[in-house]
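Next comes my_file-v3.cif, a file with mmCIF, C-alpha atoms and all ligand atoms.
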```
data_my_file
loop_
_atom_site.label_atom_id
_atom_site.label_comp_id
_atom_site.auth_asym_id
_atom_site.auth_seq_id
_atom_site.Cartn_x
_atom_site.Cartn_y
_atom_site.Cartn_z
CA MET A 118 -65.22 145.88 55.15
CA PRO A 119 -64.28 142.37 53.91
CA ILE A 120 -60.66 141.72 52.97
CA LYS A 121 -60.42 140.47 49.41
CA VAL A 122 -57.75 137.80 48.93
CA HIS A 123 -56.86 136.91 45.38
CA ILE A 124 -55.50 133.35 45.16
CA LYS A 125 -53.53 132.65 42.02
CA ASN A 126 -53.04 128.95 41.31
CA ASN A 127 -50.90 127.88 38.40
CA ARG A 128 -51.72 125.20 35.87
CA TRP A 129 -48.81 122.95 35.19
CA ALA A 130 -46.95 124.08 32.07
CA ALA A 131 -43.48 123.40 30.71
CA GLY A 132 -41.02 126.03 31.94
CA SER A 133 -43.43 127.26 34.58
CA PHE A 134 -44.37 126.43 38.17
CA PRO A 135 -45.48 123.79 39.07
CA ASN A 136 -42.95 122.19 36.79
CA THR A 137 -44.47 118.73 36.80
CA PRO A 138 -48.12 117.59 36.56
CA GLU A 139 -47.81 115.99 40.03
CA GLY A 140 -46.88 119.40 41.43
CA GLU A 141 -50.17 120.94 40.31
CA GLU A 142 -52.10 118.70 42.71
CA VAL A 143 -49.67 119.34 45.57
CA PHE A 144 -49.62 123.15 45.30
CA THR A 145 -53.21 124.02 44.30
CA ILE A 146 -55.35 125.95 46.76
CA THR A 147 -58.91 124.76 46.27
CA HIS A 148 -62.03 126.08 48.02
CA ASP A 149 -62.14 122.92 50.13
CA ARG A 150 -58.54 123.22 51.23
CA PHE A 151 -58.98 126.91 51.99
CA ASN A 152 -62.15 126.35 54.05
CA ASN A 153 -60.71 123.36 55.91
CA ALA A 154 -57.62 125.27 56.96
CA LEU A 155 -59.80 128.22 57.98
CA LEU A 156 -61.67 126.07 60.50
CA GLU A 157 -58.82 126.52 62.96
CA PHE A 158 -58.96 130.28 62.55
CA GLY A 159 -62.70 130.71 63.13
CA GLU A 160 -62.68 134.45 63.68
CA LEU A 161 -61.06 135.10 60.27
CA GLY A 162 -63.85 133.42 58.28
CA GLY A 163 -66.25 136.36 58.35
CA PRO A 164 -64.01 139.18 57.16
CA LEU A 165 -62.27 137.23 54.37
CA GLU A 166 -63.40 137.26 50.76
CA PRO A 167 -61.26 134.74 48.84
CA PHE A 168 -61.23 134.71 45.05
CA ILE A 169 -59.67 131.50 43.77
CA ASP A 170 -58.27 131.82 40.28
CA TRP A 171 -55.95 130.09 37.78
CA ASP A 172 -52.93 131.66 36.10
CA THR A 173 -53.86 135.17 35.01
CA ASP A 174 -57.40 134.25 33.93
CA ASN A 175 -59.08 137.00 35.99
CA PHE A 176 -55.99 138.63 37.47
CA ASN A 177 -56.33 142.21 36.28
CA GLN A 178 -60.00 142.44 37.04
CA SER A 179 -59.89 140.76 40.44
CA MET A 180 -56.76 142.56 41.65
CA GLN A 181 -58.54 145.92 41.32
CA ASP A 182 -60.02 145.47 44.78
CA ALA A 183 -57.74 142.80 46.31
CA GLU A 184 -55.79 143.74 49.43
CA VAL A 185 -53.94 140.44 49.63
CA LEU A 186 -52.45 138.16 46.99
CA LEU A 187 -51.59 134.51 47.71
CA THR A 188 -49.49 133.10 44.90
CA TRP A 189 -46.24 131.64 43.61
CA ASN A 190 -45.76 134.37 41.01
CA LEU A 191 -47.51 137.31 39.40
CA PRO A 192 -47.34 139.72 36.49
CA MET A 193 -45.27 142.49 38.04
CA GLU A 194 -45.75 145.24 35.51
CA ASN A 195 -47.71 148.30 36.63
CA LEU A 196 -48.77 146.57 39.80
CA GLU A 197 -49.72 149.85 41.40
CA GLN A 198 -52.32 150.46 38.71
CA VAL A 199 -53.44 146.85 38.42
CA ALA A 200 -53.81 146.44 42.19
CA PRO A 201 -54.34 149.86 43.78
CA LYS A 202 -55.51 148.41 47.12
CA LEU A 203 -52.79 145.76 47.46
CA LYS A 204 -50.99 145.64 50.84
CA TRP A 205 -49.58 142.15 51.15
CA ILE A 206 -48.33 139.36 48.85
CA HIS A 207 -47.65 135.91 50.31
CA CYS A 208 -45.49 133.67 48.15
CA ILE A 209 -46.30 129.96 48.54
CA GLY A 210 -42.60 129.10 48.12
CA ALA A 211 -39.59 129.65 50.34
CA GLY A 212 -37.33 130.75 47.47
CA VAL A 213 -38.39 134.02 45.89
CA GLU A 214 -35.58 134.39 43.35
CA HIS A 215 -38.15 134.35 40.54
CA MET A 216 -39.30 137.75 41.82
CA LEU A 217 -35.85 139.36 41.67
CA PRO A 218 -34.99 142.19 41.38
CA MET A 219 -37.73 143.37 43.69
CA ASP A 220 -37.99 146.91 42.39
CA TRP A 221 -41.55 146.20 41.18
CA ILE A 222 -42.97 145.98 44.72
CA PRO A 223 -45.05 149.12 45.25
CA ALA A 224 -44.35 151.20 48.36
CA GLY A 225 -46.47 150.01 51.26
CA VAL A 226 -46.76 146.41 49.98
CA THR A 227 -45.17 143.64 52.10
CA LEU A 228 -43.93 140.41 50.53
CA THR A 229 -43.81 137.33 52.78
CA ASN A 230 -42.60 133.81 52.00
CA ASN A 231 -43.29 130.23 53.08
CA LYS A 232 -40.24 129.77 55.28
CA GLY A 233 -40.83 127.02 57.84
CA VAL A 234 -43.31 124.98 55.83
CA HIS A 235 -40.51 122.77 54.48
CA ALA A 236 -38.61 122.10 57.71
CA ALA A 237 -39.85 118.62 58.68
CA LYS A 238 -39.47 117.10 55.22
CA ALA A 239 -36.13 118.79 54.56
CA ALA A 240 -34.76 117.45 57.84
CA GLU A 241 -35.63 113.88 56.90
CA PHE A 242 -34.31 114.30 53.38
CA GLY A 243 -31.09 115.73 54.81
CA LEU A 244 -30.68 112.79 57.15
CA MET A 245 -31.44 110.28 54.42
CA SER A 246 -29.14 111.86 51.85
CA VAL A 247 -26.16 112.23 54.21
CA LEU A 248 -26.55 108.58 55.20
CA MET A 249 -26.84 107.61 51.53
CA LEU A 250 -23.59 109.39 50.73
CA HIS A 251 -21.94 107.84 53.76
CA SER A 252 -22.98 104.35 52.59
CA HIS A 253 -21.69 105.12 49.05
CA ILE A 254 -25.19 104.71 47.56
CA PRO A 255 -24.55 106.98 44.53
CA ALA A 256 -21.57 104.79 43.61
CA VAL A 257 -23.53 101.60 44.33
CA VAL A 258 -26.28 102.78 41.96
CA SER A 259 -23.75 103.75 39.27
CA ASN A 260 -22.13 100.32 39.66
CA GLN A 261 -25.48 98.57 39.38
CA ARG A 262 -26.11 100.18 35.99
CA LEU A 263 -22.77 98.74 34.85
CA LYS A 264 -23.38 95.32 36.48
CA ILE A 265 -20.44 95.88 38.83
CA TYR A 266 -20.74 93.99 42.14
CA ASP A 267 -18.32 95.91 44.31
CA SER A 268 -18.75 95.77 48.11
CA LEU A 269 -18.26 99.39 49.16
CA TYR A 270 -18.05 99.09 52.92
CA ALA A 271 -18.78 101.95 55.28
CA THR A 272 -18.41 102.64 59.01
CA PRO A 273 -21.11 104.07 61.28
CA ILE A 274 -21.27 107.80 60.60
CA ALA A 275 -20.40 109.11 64.11
CA GLY A 276 -17.29 111.28 64.07
CA LYS A 277 -17.69 112.48 60.48
CA THR A 278 -18.01 116.18 59.71
CA LEU A 279 -20.96 117.77 57.97
CA LEU A 280 -20.88 121.29 56.59
CA VAL A 281 -24.32 122.91 56.37
CA ILE A 282 -24.34 125.93 54.11
CA GLY A 283 -27.40 127.99 54.95
CA THR A 284 -28.64 127.33 58.48
CA GLY A 285 -32.19 128.64 58.14
CA SER A 286 -35.28 126.49 58.36
CA LEU A 287 -34.10 123.80 55.89
CA GLY A 288 -30.43 123.57 56.88
CA GLY A 289 -31.10 124.05 60.57
CA SER A 290 -33.70 121.30 60.80
CA ALA A 291 -31.47 118.86 58.89
CA ALA A 292 -28.47 119.76 61.08
CA LYS A 293 -30.33 118.77 64.25
CA LYS A 294 -31.27 115.33 62.94
CA ILE A 295 -27.79 114.58 61.64
CA GLN A 296 -25.96 115.88 64.71
CA ALA A 297 -27.96 113.34 66.75
CA LEU A 298 -25.96 110.57 65.03
CA GLY A 299 -22.70 111.88 66.49
CA VAL A 300 -21.75 113.86 63.39
CA HIS A 301 -19.79 117.07 63.96
CA VAL A 302 -21.83 119.78 62.29
CA ILE A 303 -20.32 123.05 61.08
CA GLY A 304 -22.89 125.61 60.01
CA VAL A 305 -22.16 128.45 57.62
CA ASN A 306 -24.32 131.55 57.73
CA ARG A 307 -24.08 135.29 57.02
CA SER A 308 -24.13 136.59 60.55
CA GLY A 309 -22.36 133.86 62.52
CA ARG A 310 -25.43 133.48 64.75
CA PRO A 311 -25.45 130.21 66.73
CA VAL A 312 -27.87 127.58 65.46
CA ASP A 313 -29.29 124.53 67.28
CA GLY A 314 -27.84 121.39 65.74
CA CYS A 315 -24.53 123.02 64.79
CA ASP A 316 -21.40 122.41 66.89
CA GLU A 317 -19.66 125.37 65.26
CA ILE A 318 -20.77 128.29 63.15
CA VAL A 319 -18.62 130.23 60.73
CA THR A 320 -19.55 133.21 58.61
CA THR A 321 -19.71 132.81 54.84
CA ASP A 322 -16.41 134.64 54.35
CA LYS A 323 -14.69 131.75 56.20
CA LEU A 324 -16.06 129.13 53.82
CA ASP A 325 -12.66 128.36 52.28
CA GLU A 326 -11.32 127.41 55.71
CA VAL A 327 -14.03 124.85 56.46
CA LEU A 328 -14.56 123.25 53.04
CA PRO A 329 -11.46 121.02 53.38
CA LYS A 330 -12.78 119.68 56.71
CA ALA A 331 -16.10 118.46 55.36
CA ASP A 332 -16.91 114.80 54.77
CA TYR A 333 -20.35 115.89 53.62
CA LEU A 334 -21.74 119.20 52.47
CA PHE A 335 -25.44 120.03 52.69
CA ALA A 336 -26.34 123.18 50.77
CA ALA A 337 -29.68 124.74 51.63
CA THR A 338 -29.38 128.41 50.77
CA PRO A 339 -31.77 130.50 48.72
CA ASP A 340 -30.57 131.95 45.43
CA THR A 341 -29.74 135.57 46.22
CA PRO A 342 -27.17 138.01 44.81
CA GLU A 343 -24.90 136.93 47.71
CA THR A 344 -25.18 133.15 47.28
CA SER A 345 -25.17 132.93 43.49
CA GLY A 346 -21.97 131.12 42.40
CA LEU A 347 -20.91 130.52 46.01
CA LEU A 348 -19.69 126.97 45.36
CA ASP A 349 -17.68 127.55 42.22
CA ARG A 350 -15.02 125.26 40.75
CA ARG A 351 -12.27 126.72 42.93
CA ARG A 352 -14.22 126.09 46.11
CA LEU A 353 -15.31 122.59 45.07
CA ASP A 354 -11.60 121.85 44.55
CA LEU A 355 -11.01 122.61 48.23
CA MET A 356 -13.04 119.57 49.27
CA LYS A 357 -11.72 116.10 50.10
CA ARG A 358 -11.80 113.50 47.32
CA SER A 359 -13.88 111.28 49.60
CA ALA A 360 -16.48 113.99 50.25
CA GLY A 361 -20.13 113.97 49.20
CA ILE A 362 -22.39 116.90 48.30
CA ILE A 363 -26.11 117.50 48.60
CA ASN A 364 -27.92 120.54 47.20
CA ILE A 365 -31.54 121.26 48.10
CA GLY A 366 -31.24 125.07 47.77
CA ARG A 367 -30.98 126.24 44.18
CA GLU A 368 -28.70 125.29 41.29
CA ALA A 369 -27.41 128.86 40.96
CA ILE A 370 -25.32 128.53 44.12
CA MET A 371 -23.19 125.69 42.71
CA ASP A 372 -21.24 125.08 39.51
CA TYR A 373 -22.87 121.83 38.37
CA ASP A 374 -20.53 121.48 35.42
CA ALA A 375 -17.52 121.55 37.74
CA LEU A 376 -19.29 119.12 40.06
CA CYS A 377 -19.91 116.68 37.19
CA ASP A 378 -16.24 116.94 36.13
CA LYS A 379 -15.14 116.13 39.65
CA LEU A 380 -17.51 113.17 39.99
CA GLU A 381 -16.35 111.78 36.63
CA GLN A 382 -12.68 112.20 37.60
CA GLY A 383 -13.22 110.66 41.04
CA SER A 384 -12.06 113.80 42.80
CA LEU A 385 -15.37 113.85 44.68
CA ALA A 386 -17.10 110.66 45.89
CA GLY A 387 -20.79 111.35 45.32
CA ALA A 388 -23.58 113.87 45.04
CA ILE A 389 -27.32 114.08 45.49
CA LEU A 390 -28.92 117.04 43.70
CA ASP A 391 -32.54 118.05 44.15
CA VAL A 392 -32.68 121.46 42.44
CA PHE A 393 -32.00 122.42 38.86
CA ASP A 394 -32.32 125.25 36.42
CA PRO A 395 -34.28 124.61 34.31
CA GLU A 396 -36.61 122.09 35.87
CA PRO A 397 -37.27 119.53 34.51
CA ILE A 398 -33.67 118.92 33.44
CA ALA A 399 -33.13 118.94 29.66
CA THR A 400 -33.03 115.44 28.19
CA ASP A 401 -29.54 116.03 26.80
CA SER A 402 -28.08 117.30 30.11
CA ARG A 403 -24.90 115.54 31.24
CA LEU A 404 -26.38 115.35 34.73
CA TRP A 405 -28.49 112.33 33.71
CA HIS A 406 -25.48 110.13 33.11
CA THR A 407 -22.82 111.56 35.43
CA LYS A 408 -21.16 108.89 37.53
CA ASN A 409 -21.94 108.76 41.27
CA LEU A 410 -24.66 111.37 41.00
CA ILE A 411 -28.24 110.82 42.14
CA ILE A 412 -30.88 113.19 40.83
CA THR A 413 -34.02 113.76 42.90
CA PRO A 414 -36.65 115.85 41.07
CA HIS A 415 -37.19 118.71 43.57
CA ILE A 416 -38.83 116.50 46.18
CA SER A 417 -36.61 117.18 49.18
CA ALA A 418 -38.77 119.58 51.13
CA ASP A 419 -42.36 119.76 49.86
CA ASP A 420 -44.84 117.62 51.81
CA GLY A 421 -46.87 115.86 49.11
CA ASP A 422 -50.05 115.69 51.24
CA ALA A 423 -49.97 118.69 53.52
CA TYR A 424 -48.11 121.44 51.64
CA VAL A 425 -51.19 123.57 51.05
CA GLN A 426 -52.55 122.94 54.54
CA MET A 427 -49.28 124.07 56.12
CA THR A 428 -49.07 127.03 53.76
CA LEU A 429 -52.57 128.14 54.66
CA ASN A 430 -51.83 127.66 58.32
CA LEU A 431 -48.92 130.09 58.06
CA PHE A 432 -50.98 132.40 55.85
CA PHE A 433 -53.85 132.56 58.36
CA GLN A 434 -51.47 133.18 61.27
CA ASN A 435 -50.18 136.08 59.25
CA MET A 436 -53.70 137.16 58.35
CA ARG A 437 -54.44 137.52 62.05
CA LEU A 438 -51.41 139.83 62.36
CA PHE A 439 -52.41 141.67 59.19
CA MET A 440 -55.87 142.38 60.63
CA GLN A 441 -54.30 143.60 63.84
CA LYS A 442 -51.95 145.80 61.79
CA LYS A 443 -48.95 144.03 63.36
CA PRO A 444 -45.70 143.10 61.56
CA LEU A 445 -46.08 139.93 59.49
CA LEU A 446 -44.08 136.70 59.87
CA ASN A 447 -41.47 135.90 57.20
CA PRO A 448 -41.13 139.31 55.57
CA VAL A 449 -38.84 139.22 52.54
CA GLN A 450 -36.16 141.90 52.48
CA PRO A 451 -36.23 143.14 48.89
CA GLU A 452 -32.63 144.40 49.01
CA ARG A 453 -31.35 140.95 50.12
CA GLY A 454 -33.69 139.04 47.84
CA TYR A 455 -34.75 136.80 50.70
C1 LIG A 501 -39.54 126.50 47.55
C2 LIG A 501 -39.08 125.19 47.10
O1 LIG A 501 -38.92 127.51 47.23
O2 LIG A 501 -39.75 124.19 47.41
O3 LIG A 501 -40.56 126.56 48.24
O4 LIG A 501 -38.06 125.08 46.40
#
```
Would you kindly transcribe this structure into C-alpha cells?
Amino acid sequence: MPIKVHIKNNRWAAGSFPNTPEGEEVFTITHDRFNNALLEFGELGGPLEPFIDWDTDNFNQSMQDAEVLLTWNLPMENLEQVAPKLKWIHCIGAGVEHMLPMDWIPAGVTLTNNKGVHAAKAAEFGLMSVLMLHSHIPAVVSNQRLKIYDSLYATPIAGKTLLVIGTGSLGGSAAKKIQALGVHVIGVNRSGRPVDGCDEIVTTDKLDEVLPKADYLFAATPDTPETSGLLDRRRLDLMKRSAGIINIGREAIMDYDALCDKLEQGSLAGAILDVFDPEPIATDSRLWHTKNLIITPHISADDGDAYVQMTLNLFFQNMRLFMQKKPLLNPVQPERGY
C-alpha cells in the first residue's frame, strides 16, 4: 500500500507564514525539490505518494486518505474526521508555538519538528551578532544616522562572558563557535545537562544569578508556556549597562518594551533582534527607531538556498523510521509545547 503524504505549502500573505514574499520561495516544497531530495533515499521512492498542495485548496479532500502531513500549519478542527488515516505530522519549522495548545492532536498521531535544520546558519549568525555587539556596531549605526563620528573602540573579545539561554540546536551550535574565540560561555537550560561549547551550565531557575555576569546574552529558546516572559523587565534590569542582547528565539520570551526603554536610557549597550510578533513589524512600532537596536527580519537561521533540501532530508530520514515503525526523530512533546 502506498503512503500518501499531503504537502501543504503556504502562499505568502500578510499575517501568515511565510511572512514575506521572499520566504515563499525559500520554504516551498515543489515536485522538483521533493524528487531531488528523494534521490538519496532511493528505496522510499516507490511506496510514497506525495500530493503537493497550496494553503487549504484541496486539504479536506486530500487528507481523507493521507497518512502523513508535511506542513507549517494546518486547520486543526475535527482533524480526526478530516484525516482519519493520519499518523504523523512533520512541521517544517523548529518553533511550533502556532500549534499550541496541542489538545487538537488526535490520539496515535505524532508531531515532529525541524530541529537541527537551522544549526549551521544560527551558529554563524550567533558569532556575527556577538562580535557586532562587542564592536559596538548597533551604536555605530545609530550614530551614523545622526552624523555622529564617534570612535567606539573595542578590545578582542577573549575573556568576555556570553550567556546562552536555550542550549538546543540553535544555542548550542552558536555557543561552540563563540567559545572558540576565548569567550566564557554559560549555558542556561531546563535540565542542567552539559552542552558542548558551554563552560558552565545552569538550570533556568538560576537565571537571576548569571544575568549580572553576562557581557552578551544570546536567547535561542522556543516560545513555550515555560519560556514565555522569561526575560521580563526585572530580569533585564539585572544585566550590566555595558551588556548586549541578541534574540533569535521568539519575541514572547522577552519584554521588548522594557528592552527599548533600557536602550534609550543607556542602561543596556545594544541589541540585535531577529524575531517579532507580529512579523513583519508594524510600521508605527517603536522598535524601528530605538537607539542602539539592529533589527534583522527573521533571517538568523533559515538557509536561503537549502532550507527545503535540508527539511526533506530530515523528513526522509524520519520516513525510513516511520516505515520501519520505529520512533521518529524530533518528536514534539505536546505537554511541553516543544
Ligand atoms: C522556525 C524559525 O521556527 O525559523 O523554524 O523560526
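Residue nearest ligand LIG 501 (chain A) within the list A:His415, A:Lys357, A:His251, A:Lys277: A:His415 [criterion: smallest interatomic distance, only C-alpha atoms and all ligand atoms].
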Compile a residue-level contact table for chain A against ligand LIG 501 (chain A) at a cut-off of 7 Å, reporting for every qualifying residue the shortest atom pair and its distance in Å to one decimal, with only C-alpha atoms and all ligand atoms counted, rows ordered by chain and ascending number, as a Markdown table.
```
| residue | atom | partner | partner_atom | distance |
| --- | --- | --- | --- | --- |
| A:Ile209 | CA | A:LIG501 | O3 | 6.7 |
| A:Gly210 | CA | A:LIG501 | O3 | 3.3 |
| A:Ala211 | CA | A:LIG501 | O1 | 3.8 |
| A:Gly212 | CA | A:LIG501 | O1 | 3.6 |
| A:Val213 | CA | A:LIG501 | O1 | 6.7 |
| A:Asn231 | CA | A:LIG501 | O3 | 6.7 |
| A:Gly366 | CA | A:LIG501 | O4 | 7.0 |
| A:Ala418 | CA | A:LIG501 | O2 | 6.0 |
| A:Asp419 | CA | A:LIG501 | O2 | 5.7 |
```
- prompt: Rounded to one decimal in Å, what is the spacing between CA of Thr344 in chain A and CA of Val281 in chain A?
  reply: 13.7 Å
- line: Students should find that CA of Val392 in chain A and CA of His235 in chain A are spaced 14.4 Å
Provide an axis-aligned box for all listed atoms of range 215-230 of chain A, padding each side by 4 Å; report its centre and its edge lengths in Å to one decimal, as lines of an AutoDock Vina configuration file.
```
center_x = -40.9
center_y = 142.5
center_z = 46.7
size_x = 19.8
size_y = 25.4
size_z = 20.2
```
- prompt: In Å to one decimal, how far is CA of Gly243 in chain A from CA of Ala275 in chain A?
  reply: 15.6 Å
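The neighbours of Thr341 in chain A here are the residues that come within 10 Å of it, using only C-alpha atoms and leaving out any residue fewer than 4 positions away in the same chain; they are Gly212, Val213, Glu214, Leu217, Pro218, Ser345, Gly346, Arg367, Ala369, Ile370, Glu452, Arg453, Gly454 and Tyr455 of chain A.
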- prompt: So which residues are close to (-30.5, 113.9, 41.6), meaning at most 12 Å away in the file's coordinates with only C-alpha atoms counted, and can you show them as a PyMOL selection string?
  reply: chain A and resi 246+255+258+362-365+368+373+377+387-393+396-398+403-417
query: Hey, which of A:Ser290, A:Ile146, A:Pro342, A:Met180 ends up closest to Pro451 in chain A? Count only C-alpha atoms.
result: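 That would be A:Pro342, the residue with the smallest distance to Pro451 in chain A.
The closest residue to Trp171 in chain A, picked from A:Asn127, A:Thr137, A:Thr272, A:Asn190 and counting only C-alpha atoms, is A:Asn127.
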Could range 250-272 of chain A be completed with N, CA, C and O atoms and returned as an mmCIF file, in the frame of the given file?
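Saved as part-v6.cif:
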```
data_model
loop_
_atom_site.group_PDB
_atom_site.id
_atom_site.type_symbol
_atom_site.label_atom_id
_atom_site.label_comp_id
_atom_site.auth_asym_id
_atom_site.auth_seq_id
_atom_site.Cartn_x
_atom_site.Cartn_y
_atom_site.Cartn_z
ATOM 1 N N LEU A 250 -24.964 109.094 51.177
ATOM 2 C CA LEU A 250 -23.590 109.390 50.730
ATOM 3 C C LEU A 250 -22.597 108.601 51.569
ATOM 4 O O LEU A 250 -21.627 108.048 51.052
ATOM 5 N N HIS A 251 -22.875 108.538 52.885
ATOM 6 C CA HIS A 251 -21.940 107.840 53.760
ATOM 7 C C HIS A 251 -21.866 106.339 53.422
ATOM 8 O O HIS A 251 -20.817 105.718 53.575
ATOM 9 N N SER A 252 -22.970 105.774 52.961
ATOM 10 C CA SER A 252 -22.980 104.350 52.590
ATOM 11 C C SER A 252 -22.672 104.154 51.103
ATOM 12 O O SER A 252 -22.939 103.084 50.554
ATOM 13 N N HIS A 253 -22.144 105.180 50.455
ATOM 14 C CA HIS A 253 -21.690 105.120 49.050
ATOM 15 C C HIS A 253 -22.828 104.782 48.073
ATOM 16 O O HIS A 253 -22.594 104.189 47.019
ATOM 17 N N ILE A 254 -24.064 105.133 48.420
ATOM 18 C CA ILE A 254 -25.190 104.710 47.560
ATOM 19 C C ILE A 254 -25.096 105.282 46.132
ATOM 20 O O ILE A 254 -25.374 104.557 45.172
ATOM 21 N N PRO A 255 -24.671 106.544 45.931
ATOM 22 C CA PRO A 255 -24.550 106.980 44.530
ATOM 23 C C PRO A 255 -23.607 106.077 43.725
ATOM 24 O O PRO A 255 -23.909 105.719 42.583
ATOM 25 N N ALA A 256 -22.500 105.669 44.336
ATOM 26 C CA ALA A 256 -21.570 104.790 43.610
ATOM 27 C C ALA A 256 -22.167 103.397 43.428
ATOM 28 O O ALA A 256 -22.007 102.775 42.367
ATOM 29 N N VAL A 257 -22.898 102.922 44.435
ATOM 30 C CA VAL A 257 -23.530 101.600 44.330
ATOM 31 C C VAL A 257 -24.530 101.603 43.161
ATOM 32 O O VAL A 257 -24.596 100.660 42.372
ATOM 33 N N VAL A 258 -25.290 102.690 43.041
ATOM 34 C CA VAL A 258 -26.280 102.780 41.960
ATOM 35 C C VAL A 258 -25.582 102.866 40.597
ATOM 36 O O VAL A 258 -25.981 102.213 39.622
ATOM 37 N N SER A 259 -24.512 103.664 40.537
ATOM 38 C CA SER A 259 -23.750 103.750 39.270
ATOM 39 C C SER A 259 -23.190 102.375 38.921
ATOM 40 O O SER A 259 -23.239 101.947 37.759
ATOM 41 N N ASN A 260 -22.684 101.664 39.909
ATOM 42 C CA ASN A 260 -22.130 100.320 39.660
ATOM 43 C C ASN A 260 -23.216 99.369 39.155
ATOM 44 O O ASN A 260 -22.987 98.566 38.257
ATOM 45 N N GLN A 261 -24.385 99.482 39.777
ATOM 46 C CA GLN A 261 -25.480 98.570 39.380
ATOM 47 C C GLN A 261 -25.787 98.712 37.891
ATOM 48 O O GLN A 261 -25.993 97.735 37.184
ATOM 49 N N ARG A 262 -25.823 99.958 37.414
ATOM 50 C CA ARG A 262 -26.110 100.180 35.990
ATOM 51 C C ARG A 262 -25.083 99.483 35.109
ATOM 52 O O ARG A 262 -25.359 99.102 33.989
ATOM 53 N N LEU A 263 -23.861 99.361 35.637
ATOM 54 C CA LEU A 263 -22.770 98.740 34.850
ATOM 55 C C LEU A 263 -22.548 97.270 35.209
ATOM 56 O O LEU A 263 -21.574 96.658 34.791
ATOM 57 N N LYS A 264 -23.485 96.711 36.013
ATOM 58 C CA LYS A 264 -23.380 95.320 36.480
ATOM 59 C C LYS A 264 -22.062 95.062 37.209
ATOM 60 O O LYS A 264 -21.418 94.037 37.023
ATOM 61 N N ILE A 265 -21.659 96.052 38.029
ATOM 62 C CA ILE A 265 -20.440 95.880 38.830
ATOM 63 C C ILE A 265 -20.847 95.566 40.266
ATOM 64 O O ILE A 265 -21.587 96.341 40.887
ATOM 65 N N TYR A 266 -20.402 94.420 40.780
ATOM 66 C CA TYR A 266 -20.740 93.990 42.140
ATOM 67 C C TYR A 266 -19.529 94.252 43.023
ATOM 68 O O TYR A 266 -18.656 93.414 43.173
ATOM 69 N N ASP A 267 -19.499 95.475 43.572
ATOM 70 C CA ASP A 267 -18.320 95.910 44.310
ATOM 71 C C ASP A 267 -18.769 96.263 45.730
ATOM 72 O O ASP A 267 -19.558 97.184 45.914
ATOM 73 N N SER A 268 -18.303 95.523 46.741
ATOM 74 C CA SER A 268 -18.750 95.770 48.110
ATOM 75 C C SER A 268 -18.073 97.025 48.664
ATOM 76 O O SER A 268 -16.911 96.976 49.073
ATOM 77 N N LEU A 269 -18.807 98.116 48.664
ATOM 78 C CA LEU A 269 -18.260 99.390 49.160
ATOM 79 C C LEU A 269 -18.631 99.519 50.633
ATOM 80 O O LEU A 269 -19.724 99.966 50.971
ATOM 81 N N TYR A 270 -17.742 99.098 51.486
ATOM 82 C CA TYR A 270 -18.050 99.090 52.920
ATOM 83 C C TYR A 270 -18.037 100.501 53.494
ATOM 84 O O TYR A 270 -17.358 101.386 52.979
ATOM 85 N N ALA A 271 -18.802 100.656 54.577
ATOM 86 C CA ALA A 271 -18.780 101.950 55.280
ATOM 87 C C ALA A 271 -18.811 101.694 56.783
ATOM 88 O O ALA A 271 -19.212 100.618 57.230
ATOM 89 N N THR A 272 -18.381 102.703 57.540
ATOM 90 C CA THR A 272 -18.410 102.640 59.010
ATOM 91 C C THR A 272 -19.724 103.259 59.484
ATOM 92 O O THR A 272 -20.423 103.900 58.689
#
```
